[in-house]
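This report refers to the structure that appears directly beneath it.
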Amino acid sequence: MTAVQSPPAPPTARRRPKAVARIGLYGLLAANAVVVAVFFVRAGFGANALLVLGRLTGLYAALLMAFQLLLVARLPWLDRRIGMDRLTLWHRWVGFGLLWTLLGHAVFIVLGYAEMSSMDPLNQLVDLAETVEGVLRAVVALALILVVGALSARRARRRLAYETWHFIHLYMYVAVVLAFTHQVAVGSTFTASAAATAYWYGLWGAALAAVVAGRLVLPLWRNRRHRLRVTAVVPESDNVVSVHITGRDLDRLPARAGQFFLWRFLTKDRWWQANPFSLSAAPDGRTLRLTVKAAGDGSAALRHLAPGTRVFAEGPYGAFTTLHRTRPGTLLIAGGVGVTPIRALLEELHGHAVVLYRVSSEADAVLHGELRELALAKGAELHLITGPPVPDRLAPAELTRLVPDLTDRDVYVCGPPGMTTAVLRGLRELGVPRQQIHYERFSLAG
């Protein structure tokens with residue numbers, strides 16, 4: 001069996017991986033925006049200013065749609081450097097831009113043709129849908145995007161189960177296909193020259209290929225290769241269990257401490273549920289372990305998994321890893337069951353580390369015994385912080401008291417949303433550089 005490689009040293013002397021990926025994405029979008037503008041100008045403007053604006057907004061809406069596909073493709077290179085939570089956030093903001101450019105495209109085009117024909121806008125839209133090939137498909141695509149966008153709003157999203165929201169989100173792919181065929185049917189900018197046509201098909205082909213590769217081919221290939229199965233389910237407390245998983249060639253699975261998978265346990269009542277759970281132990285090339293608190297019916301049912309149960313896992317995902325370290329020393333801050341990736345990181349880390357573990361009481365300190373043993377073996381400091389939420393025992397003054405040199409350390413934070421937000425605010429008040437603060441929230445895009 002191939003030995004597990006030691007993690008690389010902190011990237012202090014080279015450009016940070018996150019910055020490289022971010023600059024690469026911005027540069028890719030900017031370069032394509034310039035290319036679109038060049039082809040637009042070469043195709044000619046026309047006499048009607050409203051139609052010119054309509055064509056231009058339509059082209060940039062199509063570019064944003066292709067960029068959206070790239071952001072949700074879950075490509076490993078991007079995900080390891082930026083993280084699924086930030087890619088999902090960018091996906092959401094790009095979605096707002098896409099929505100407004102599509103609406104602008106529809107409004108400008110209809111008003112432009114209405115001005116030329118002296119028809120009212122509604123009748124003009126009906127006429128275009130009935131007489132121009134591809135327009136009806138565009139109307140359907142826009143309607144689908146509006147519906148999915150409304151259901152993706154924060155208030156509506158909270159009321160939907162992930163599986164329901166994900167199923168509805170699949171209609172976006174239908175909208176993408178309809179929008180592309182609309183552009184092929186009526187677009188003039190990218191049929192004006194062979195180079196423009198080749199570019200357009202290349203752009204959309206690359207975006208769709210990224211989605212198929214990242215969301216379908218890679219997960220299927222990895223699961224066929226590794227054939228994951230549950231080997232044991234170990235209670236850690238009254239409401240927390242650890243699930244141990246093994247498989248073939250796990251030394252070739254590119255998982256790192258701090259990452260998570262989307263786990264599907266293939267039983268008759270759970271195969272359709274996908275849940276994001278972090279690894280609670282650093283991958284050793286032989287086994288994987290996740291530790292889960294019973295927060296709902298799905299996670300509570302894990303206690304009853306039988307050894308031998310087949311597992312379908314998508315991932316590994318996440319940028320909450322030692323790849324992004326910038327300093328030799330590390331501060332790890334965990335809250336509640338957020339200790340799971342922190343415990344895995346401590347196992348993998350080299351250099352001096354301080355661990356702050358915040359819980360309501362010692363009885364809630366899951367994996368505390370393992371943390372204590374790891375800290376002893378690695379020469380790390382471990383502080384178990386107990387008590388009610390008020391007073392805040394992770395306030396800036398308390399952080400400075402416990403870790404006087406925290407501004408010279410990388411800081412990893414994982415815990416409940418309220419705690420994480422408060423700690424991040426405190427770290428920034430204390431002047432910890434942004435590039436030394438690492439956190440990740442589970443946020444899944446369709």
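Letters for chains follow the order of the structure tokens (A, B, ...), residue numbers begin at 1 for each chain, and ligand numbers begin at 1 in the order shown.
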
Can you list every residue of region 276-380 of chain A that has an atom at most 7 Å from region 405-414 of chain A, with its nearest atom pair and the distance in Å to one decimal, using only C-alpha atoms, ordered by chain then number, as JSON lines?
{"residue": "A:Arg325", "atom": "CA", "partner": "A:Asp410", "partner_atom": "CA", "distance": 6.3}
{"residue": "A:Thr326", "atom": "CA", "partner": "A:Asp410", "partner_atom": "CA", "distance": 6.5}
{"residue": "A:Arg327", "atom": "CA", "partner": "A:Arg409", "partner_atom": "CA", "distance": 5.6}
{"residue": "A:Gly329", "atom": "CA", "partner": "A:Arg409", "partner_atom": "CA", "distance": 4.9}
{"residue": "A:Thr330", "atom": "CA", "partner": "A:Asp410", "partner_atom": "CA", "distance": 4.8}
{"residue": "A:Leu331", "atom": "CA", "partner": "A:Val411", "partner_atom": "CA", "distance": 4.7}
{"residue": "A:Leu332", "atom": "CA", "partner": "A:Tyr412", "partner_atom": "CA", "distance": 4.9}
{"residue": "A:Ile333", "atom": "CA", "partner": "A:Val413", "partner_atom": "CA", "distance": 4.8}
{"residue": "A:Ala334", "atom": "CA", "partner": "A:Cys414", "partner_atom": "CA", "distance": 5.1}
{"residue": "A:Gly335", "atom": "CA", "partner": "A:Cys414", "partner_atom": "CA", "distance": 6.4}
{"residue": "A:Gly338", "atom": "CA", "partner": "A:Cys414", "partner_atom": "CA", "distance": 5.0}
{"residue": "A:Val339", "atom": "CA", "partner": "A:Cys414", "partner_atom": "CA", "distance": 6.9}

Selected residues, N, CA and C atoms, written as a PDB file, in the first residue's frame, please.
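Output file result-v5.pdb follows:
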ATOM      1  N   ARG A 325      -2.375  27.203   4.981  1.00  0.00           N
ATOM      2  CA  ARG A 325      -1.600  27.763   6.097  1.00  0.00           C
ATOM      3  C   ARG A 325      -0.586  28.787   5.606  1.00  0.00           C
ATOM      4  N   THR A 326      -0.399  29.820   6.429  1.00  0.00           N
ATOM      5  CA  THR A 326       0.577  30.855   6.107  1.00  0.00           C
ATOM      6  C   THR A 326       1.599  31.051   7.230  1.00  0.00           C
ATOM      7  N   ARG A 327       1.375  30.435   8.392  1.00  0.00           N
ATOM      8  CA  ARG A 327       2.237  30.614   9.554  1.00  0.00           C
ATOM      9  C   ARG A 327       2.580  29.245  10.161  1.00  0.00           C
ATOM     10  N   GLY A 329       2.679  28.461  13.366  1.00  0.00           N
ATOM     11  CA  GLY A 329       1.803  28.188  14.497  1.00  0.00           C
ATOM     12  C   GLY A 329       0.338  28.247  14.095  1.00  0.00           C
ATOM     13  N   THR A 330      -0.504  27.511  14.846  1.00  0.00           N
ATOM     14  CA  THR A 330      -1.914  27.408  14.500  1.00  0.00           C
ATOM     15  C   THR A 330      -2.777  27.526  15.747  1.00  0.00           C
ATOM     16  N   LEU A 331      -3.929  28.186  15.595  1.00  0.00           N
ATOM     17  CA  LEU A 331      -4.963  28.216  16.620  1.00  0.00           C
ATOM     18  C   LEU A 331      -6.211  27.556  16.030  1.00  0.00           C
ATOM     19  N   LEU A 332      -6.708  26.520  16.697  1.00  0.00           N
ATOM     20  CA  LEU A 332      -7.906  25.799  16.267  1.00  0.00           C
ATOM     21  C   LEU A 332      -9.022  26.092  17.263  1.00  0.00           C
ATOM     22  N   ILE A 333     -10.137  26.625  16.776  1.00  0.00           N
ATOM     23  CA  ILE A 333     -11.273  26.976  17.635  1.00  0.00           C
ATOM     24  C   ILE A 333     -12.479  26.160  17.205  1.00  0.00           C
ATOM     25  N   ALA A 334     -13.009  25.352  18.113  1.00  0.00           N
ATOM     26  CA  ALA A 334     -14.142  24.480  17.811  1.00  0.00           C
ATOM     27  C   ALA A 334     -15.287  24.780  18.755  1.00  0.00           C
ATOM     28  N   GLY A 335     -16.498  24.613  18.233  1.00  0.00           N
ATOM     29  CA  GLY A 335     -17.689  24.739  19.061  1.00  0.00           C
ATOM     30  C   GLY A 335     -18.609  23.561  18.819  1.00  0.00           C
ATOM     31  N   GLY A 338     -18.769  20.919  15.851  1.00  0.00           N
ATOM     32  CA  GLY A 338     -17.790  21.494  14.928  1.00  0.00           C
ATOM     33  C   GLY A 338     -16.374  21.065  15.247  1.00  0.00           C
ATOM     34  N   VAL A 339     -16.218  20.303  16.305  1.00  0.00           N
ATOM     35  CA  VAL A 339     -14.901  19.782  16.661  1.00  0.00           C
ATOM     36  C   VAL A 339     -14.430  18.723  15.670  1.00  0.00           C
TER      37      VAL A 339
END

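Across A:Ala114, A:Val230, A:Leu203, A:Leu75, the tightest approach to Glu314 (chain A) is made by A:Leu75 when counting only C-alpha atoms.
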
Let me make sure I understand: among A:Ala257, A:Ala66, A:Leu136, A:Leu250, which one has the smallest atom-to-atom distance to Val186 (chain A) if we use only C-alpha atoms?
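Distance minimum relative to Val186 (chain A) lands on A:Leu136.
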
Of the candidates A:Ile145, A:Leu128, A:Ala209, A:Ile23, which shows the shortest atom-to-atom distance to Ala175 (chain A), using only C-alpha atoms?
A:Ile145

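Here CA of Leu178 (chain A) stands at a distance of 11.9 Å from CA of Glu133 (chain A).
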
May I have a table of the residues of region 200-303 of chain A lying at most 12 Å from region 360-384 of chain A, giving each one's closest pair of atoms and their distance in Å to one decimal, counting only C-alpha atoms, ordered by chain and ascending residue number, as a Markdown table?
| residue | atom | partner | partner_atom | distance |
| --- | --- | --- | --- | --- |
| A:Val234 | CA | A:Leu367 | CA | 11.9 |
| A:Pro235 | CA | A:Val366 | CA | 10.4 |
| A:Glu236 | CA | A:Val366 | CA | 6.7 |
| A:Ser237 | CA | A:Val366 | CA | 7.2 |
| A:Asp238 | CA | A:Asp364 | CA | 9.6 |
| A:Asn239 | CA | A:Asp364 | CA | 9.6 |
| A:Val240 | CA | A:Val366 | CA | 7.7 |
| A:Val241 | CA | A:Val366 | CA | 9.5 |
| A:Ser242 | CA | A:Leu367 | CA | 9.9 |
| A:Ser280 | CA | A:Leu367 | CA | 9.1 |
| A:Ala281 | CA | A:Glu370 | CA | 10.0 |
| A:Ala282 | CA | A:Leu374 | CA | 11.9 |
| A:Leu290 | CA | A:Leu367 | CA | 11.7 |
| A:Thr291 | CA | A:Leu367 | CA | 9.1 |
| A:Val292 | CA | A:Val366 | CA | 10.0 |
| A:Lys293 | CA | A:Val366 | CA | 9.4 |

For the residues in that selection, give me N, CA and C atoms as a short mmCIF file (atom, residue, chain, number, x, y, z; two decimals), in the first residue's frame.
data_model
loop_
_atom_site.label_atom_id
_atom_site.label_comp_id
_atom_site.auth_asym_id
_atom_site.auth_seq_id
_atom_site.Cartn_x
_atom_site.Cartn_y
_atom_site.Cartn_z
N VAL A 234 -20.02 3.59 16.08
CA VAL A 234 -19.59 3.66 17.47
C VAL A 234 -20.25 4.84 18.17
N PRO A 235 -21.07 4.62 19.20
CA PRO A 235 -21.65 5.74 19.95
C PRO A 235 -20.56 6.52 20.68
N GLU A 236 -20.58 7.84 20.54
CA GLU A 236 -19.64 8.70 21.27
C GLU A 236 -20.30 9.34 22.48
N SER A 237 -21.64 9.48 22.43
CA SER A 237 -22.42 10.00 23.54
C SER A 237 -23.87 9.61 23.27
N ASP A 238 -24.79 10.16 24.07
CA ASP A 238 -26.20 9.80 23.89
C ASP A 238 -26.74 10.20 22.53
N ASN A 239 -26.20 11.27 21.94
CA ASN A 239 -26.75 11.75 20.67
C ASN A 239 -25.69 11.95 19.58
N VAL A 240 -24.53 11.35 19.75
CA VAL A 240 -23.45 11.46 18.77
C VAL A 240 -22.89 10.08 18.46
N VAL A 241 -22.71 9.79 17.16
CA VAL A 241 -22.11 8.52 16.76
C VAL A 241 -20.99 8.78 15.75
N SER A 242 -20.03 7.87 15.73
CA SER A 242 -18.99 7.88 14.70
C SER A 242 -19.23 6.71 13.76
N SER A 280 -13.84 13.20 10.72
CA SER A 280 -13.45 13.50 12.10
C SER A 280 -12.10 12.89 12.46
N ALA A 281 -11.45 12.30 11.50
CA ALA A 281 -10.08 11.81 11.67
C ALA A 281 -9.35 12.03 10.35
N ALA A 282 -8.06 12.31 10.43
CA ALA A 282 -7.29 12.52 9.22
C ALA A 282 -7.26 11.23 8.41
N LEU A 290 -16.51 9.60 10.06
CA LEU A 290 -17.30 10.81 10.27
C LEU A 290 -18.00 10.69 11.61
N THR A 291 -18.16 11.81 12.29
CA THR A 291 -18.81 11.83 13.60
C THR A 291 -19.97 12.81 13.52
N VAL A 292 -21.17 12.33 13.88
CA VAL A 292 -22.40 13.07 13.60
C VAL A 292 -23.25 13.19 14.85
N LYS A 293 -23.78 14.41 15.05
CA LYS A 293 -24.74 14.65 16.12
C LYS A 293 -26.14 14.51 15.57
#

DSSP on the backbone: which residues in region 68-246 of chain A end up as helix (DSSP H, G or I)? Give the answer as JSON, numbers by chain.
{"A": [68, 69, 70, 71, 76, 77, 78, 79, 80, 81, 82, 84, 85, 86, 87, 88, 89, 90, 91, 92, 93, 94, 95, 96, 97, 98, 99, 100, 101, 102, 103, 104, 105, 106, 107, 108, 109, 110, 111, 112, 113, 114, 115, 116, 117, 121, 122, 123, 124, 125, 126, 127, 128, 129, 130, 131, 135, 136, 137, 138, 139, 140, 141, 142, 143, 144, 145, 146, 147, 148, 149, 150, 151, 154, 155, 156, 157, 158, 162, 163, 164, 165, 166, 167, 168, 169, 171, 172, 173, 174, 175, 176, 177, 178, 179, 180, 181, 182, 183, 184, 185, 186, 189, 190, 191, 194, 195, 196, 197, 198, 199, 200, 201, 202, 203, 204, 205, 206, 207, 208, 209, 210, 211, 212, 213, 214, 215, 216, 217, 218, 219, 220, 221, 222, 223, 224, 225, 226]}

All residues 12 Å or closer to Pro219 (chain A), only C-alpha atoms, same chain fewer than 5 positions away omitted, as a compact mmCIF listing (two decimals) with all heavy atoms, in the first residue's frame:
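Output file result.txt is given in full below:
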# COMPACT_ATOMS: atom_id res chain seq x y z
N ALA A 73 -19.83 23.33 -10.76
CA ALA A 73 -19.35 22.07 -11.32
C ALA A 73 -18.62 21.21 -10.28
O ALA A 73 -18.40 20.03 -10.52
CB ALA A 73 -18.43 22.34 -12.51
N ARG A 74 -18.24 21.81 -9.15
CA ARG A 74 -17.52 21.10 -8.09
C ARG A 74 -16.23 20.48 -8.61
O ARG A 74 -15.90 19.32 -8.32
CB ARG A 74 -18.40 20.03 -7.44
CG ARG A 74 -19.63 20.61 -6.75
CD ARG A 74 -20.50 19.55 -6.10
NE ARG A 74 -21.71 20.15 -5.55
CZ ARG A 74 -22.75 19.46 -5.10
NH1 ARG A 74 -22.72 18.13 -5.13
NH2 ARG A 74 -23.80 20.07 -4.62
N LEU A 75 -15.49 21.27 -9.38
CA LEU A 75 -14.20 20.81 -9.87
C LEU A 75 -13.21 20.79 -8.72
O LEU A 75 -13.08 21.77 -7.98
CB LEU A 75 -13.70 21.74 -10.97
CG LEU A 75 -14.59 21.83 -12.22
CD1 LEU A 75 -14.02 22.82 -13.21
CD2 LEU A 75 -14.76 20.46 -12.87
N PRO A 76 -12.49 19.68 -8.53
CA PRO A 76 -11.60 19.56 -7.36
C PRO A 76 -10.58 20.69 -7.23
O PRO A 76 -10.34 21.17 -6.12
CB PRO A 76 -10.93 18.20 -7.59
CG PRO A 76 -11.91 17.43 -8.40
CD PRO A 76 -12.55 18.44 -9.31
N VAL A 211 -19.50 20.60 -15.75
CA VAL A 211 -20.58 20.11 -14.89
C VAL A 211 -20.69 18.59 -14.96
O VAL A 211 -20.79 17.90 -13.94
CB VAL A 211 -21.92 20.76 -15.29
CG1 VAL A 211 -23.07 20.12 -14.53
CG2 VAL A 211 -21.89 22.25 -15.02
N VAL A 212 -20.66 18.05 -16.18
CA VAL A 212 -20.77 16.59 -16.33
C VAL A 212 -19.60 15.88 -15.65
O VAL A 212 -19.78 14.88 -14.96
CB VAL A 212 -20.84 16.21 -17.83
CG1 VAL A 212 -20.75 14.71 -18.01
CG2 VAL A 212 -22.13 16.74 -18.44
N ALA A 213 -18.40 16.43 -15.81
CA ALA A 213 -17.22 15.81 -15.20
C ALA A 213 -17.25 15.89 -13.68
O ALA A 213 -17.02 14.89 -12.99
CB ALA A 213 -15.95 16.48 -15.74
N GLY A 214 -17.55 17.09 -13.14
CA GLY A 214 -17.48 17.28 -11.70
C GLY A 214 -18.66 16.72 -10.93
O GLY A 214 -18.50 16.25 -9.80
N ARG A 224 -17.11 3.76 -7.90
CA ARG A 224 -16.88 2.45 -8.52
C ARG A 224 -15.50 1.92 -8.13
O ARG A 224 -15.31 0.72 -7.91
CB ARG A 224 -17.00 2.55 -10.04
CG ARG A 224 -16.75 1.24 -10.77
CD ARG A 224 -16.90 1.44 -12.27
NE ARG A 224 -16.55 0.24 -13.00
CZ ARG A 224 -17.34 -0.81 -13.18
NH1 ARG A 224 -18.56 -0.81 -12.68
NH2 ARG A 224 -16.93 -1.86 -13.88
N ARG A 225 -14.54 2.83 -8.03
CA ARG A 225 -13.18 2.42 -7.71
C ARG A 225 -13.03 2.04 -6.23
O ARG A 225 -12.43 1.02 -5.90
CB ARG A 225 -12.21 3.54 -8.04
CG ARG A 225 -10.78 3.22 -7.70
CD ARG A 225 -9.84 4.36 -8.06
NE ARG A 225 -8.46 3.93 -7.96
CZ ARG A 225 -7.42 4.72 -8.26
NH1 ARG A 225 -7.63 5.94 -8.68
NH2 ARG A 225 -6.18 4.26 -8.13
N HIS A 226 -13.59 2.86 -5.34
CA HIS A 226 -13.31 2.68 -3.91
C HIS A 226 -14.31 1.77 -3.19
O HIS A 226 -13.99 1.20 -2.16
CB HIS A 226 -13.25 4.04 -3.22
CG HIS A 226 -12.18 4.93 -3.76
ND1 HIS A 226 -10.85 4.61 -3.69
CD2 HIS A 226 -12.24 6.13 -4.39
CE1 HIS A 226 -10.12 5.57 -4.24
NE2 HIS A 226 -10.94 6.50 -4.68
N ARG A 227 -15.53 1.65 -3.69
CA ARG A 227 -16.54 0.72 -3.14
C ARG A 227 -16.62 0.81 -1.61
O ARG A 227 -16.30 -0.12 -0.88
CB ARG A 227 -16.22 -0.70 -3.58
CG ARG A 227 -16.23 -0.85 -5.10
CD ARG A 227 -16.19 -2.28 -5.55
NE ARG A 227 -16.18 -2.37 -7.00
CZ ARG A 227 -16.22 -3.52 -7.68
NH1 ARG A 227 -16.28 -4.66 -7.03
NH2 ARG A 227 -16.21 -3.51 -9.00
N LEU A 253 -7.46 8.09 -2.68
CA LEU A 253 -8.56 9.06 -2.57
C LEU A 253 -7.97 10.37 -2.06
O LEU A 253 -7.39 10.41 -0.97
CB LEU A 253 -9.62 8.54 -1.60
CG LEU A 253 -10.84 9.43 -1.37
CD1 LEU A 253 -11.66 9.55 -2.66
CD2 LEU A 253 -11.70 8.87 -0.24
N PHE A 261 -17.56 15.18 2.87
CA PHE A 261 -18.19 14.49 1.75
C PHE A 261 -19.70 14.69 1.84
O PHE A 261 -20.23 14.97 2.91
CB PHE A 261 -17.90 12.98 1.79
CG PHE A 261 -16.48 12.59 1.47
CD1 PHE A 261 -15.47 12.73 2.41
CD2 PHE A 261 -16.17 12.03 0.24
CE1 PHE A 261 -14.17 12.34 2.13
CE2 PHE A 261 -14.87 11.64 -0.06
CZ PHE A 261 -13.87 11.80 0.88
N LEU A 262 -20.36 14.49 0.72
CA LEU A 262 -21.82 14.33 0.73
C LEU A 262 -22.07 12.83 0.77
O LEU A 262 -21.79 12.11 -0.18
CB LEU A 262 -22.45 14.94 -0.52
CG LEU A 262 -22.26 16.44 -0.72
CD1 LEU A 262 -22.92 16.89 -2.01
CD2 LEU A 262 -22.82 17.22 0.45
N TRP A 263 -22.60 12.36 1.88
CA TRP A 263 -22.72 10.93 2.13
C TRP A 263 -24.14 10.44 1.84
O TRP A 263 -25.11 11.03 2.29
CB TRP A 263 -22.39 10.61 3.59
CG TRP A 263 -21.05 11.07 4.05
CD1 TRP A 263 -20.75 12.25 4.67
CD2 TRP A 263 -19.81 10.36 3.94
NE1 TRP A 263 -19.41 12.32 4.94
CE2 TRP A 263 -18.81 11.17 4.51
CE3 TRP A 263 -19.46 9.11 3.42
CZ2 TRP A 263 -17.48 10.77 4.58
CZ3 TRP A 263 -18.13 8.72 3.48
CH2 TRP A 263 -17.15 9.54 4.06
N ARG A 264 -24.23 9.36 1.10
CA ARG A 264 -25.49 8.63 0.90
C ARG A 264 -25.29 7.21 1.39
O ARG A 264 -24.42 6.50 0.87
CB ARG A 264 -25.90 8.61 -0.58
CG ARG A 264 -26.24 9.96 -1.16
CD ARG A 264 -26.60 9.82 -2.64
NE ARG A 264 -26.75 11.11 -3.28
CZ ARG A 264 -27.89 11.78 -3.38
NH1 ARG A 264 -28.99 11.25 -2.87
NH2 ARG A 264 -27.94 12.96 -3.98
N VAL A 311 -21.98 2.61 0.73
CA VAL A 311 -21.95 4.06 0.87
C VAL A 311 -21.60 4.68 -0.48
O VAL A 311 -20.66 4.23 -1.15
CB VAL A 311 -20.93 4.51 1.93
CG1 VAL A 311 -20.94 6.02 2.09
CG2 VAL A 311 -21.19 3.82 3.26
N PHE A 312 -22.35 5.69 -0.88
CA PHE A 312 -22.02 6.50 -2.06
C PHE A 312 -21.62 7.88 -1.55
O PHE A 312 -22.43 8.57 -0.93
CB PHE A 312 -23.21 6.59 -3.01
CG PHE A 312 -22.87 7.23 -4.33
CD1 PHE A 312 -22.52 6.46 -5.41
CD2 PHE A 312 -22.89 8.62 -4.48
CE1 PHE A 312 -22.21 7.04 -6.64
CE2 PHE A 312 -22.57 9.20 -5.69
CZ PHE A 312 -22.23 8.40 -6.79
N ALA A 313 -20.38 8.26 -1.78
CA ALA A 313 -19.86 9.52 -1.25
C ALA A 313 -19.42 10.42 -2.39
O ALA A 313 -18.70 9.99 -3.29
CB ALA A 313 -18.69 9.26 -0.31
N GLU A 314 -19.87 11.68 -2.37
CA GLU A 314 -19.40 12.69 -3.31
C GLU A 314 -18.40 13.58 -2.61
O GLU A 314 -18.68 14.14 -1.56
CB GLU A 314 -20.58 13.52 -3.81
CG GLU A 314 -21.64 12.74 -4.56
CD GLU A 314 -22.82 13.62 -4.94
OE1 GLU A 314 -22.59 14.69 -5.53
OE2 GLU A 314 -23.97 13.24 -4.62
N GLY A 315 -17.25 13.72 -3.19
CA GLY A 315 -16.21 14.53 -2.57
C GLY A 315 -14.85 13.88 -2.77
O GLY A 315 -14.69 13.00 -3.62
N PRO A 316 -13.86 14.33 -2.01
CA PRO A 316 -13.92 15.27 -0.90
C PRO A 316 -14.07 16.72 -1.37
O PRO A 316 -13.61 17.08 -2.44
CB PRO A 316 -12.57 15.07 -0.22
CG PRO A 316 -11.65 14.66 -1.34
CD PRO A 316 -12.49 13.83 -2.27
N TYR A 317 -14.73 17.51 -0.52
CA TYR A 317 -14.96 18.91 -0.80
C TYR A 317 -14.41 19.77 0.35
O TYR A 317 -14.28 19.31 1.48
CB TYR A 317 -16.45 19.20 -0.94
CG TYR A 317 -17.13 18.49 -2.08
CD1 TYR A 317 -18.28 17.72 -1.88
CD2 TYR A 317 -16.63 18.59 -3.38
CE1 TYR A 317 -18.91 17.08 -2.93
CE2 TYR A 317 -17.25 17.94 -4.44
CZ TYR A 317 -18.39 17.19 -4.21
OH TYR A 317 -19.00 16.54 -5.25

So which residues touch Tyr113 (chain A) within 10 Å, counting only C-alpha atoms, skipping near sequence neighbours fewer than 5 positions away, as a list in words?
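Answer for this query is Asn48, Leu50, Leu51, Phe108, Ser118, Met119, Asp120, Pro121, Gln124, Leu125 and Leu128 of chain A.
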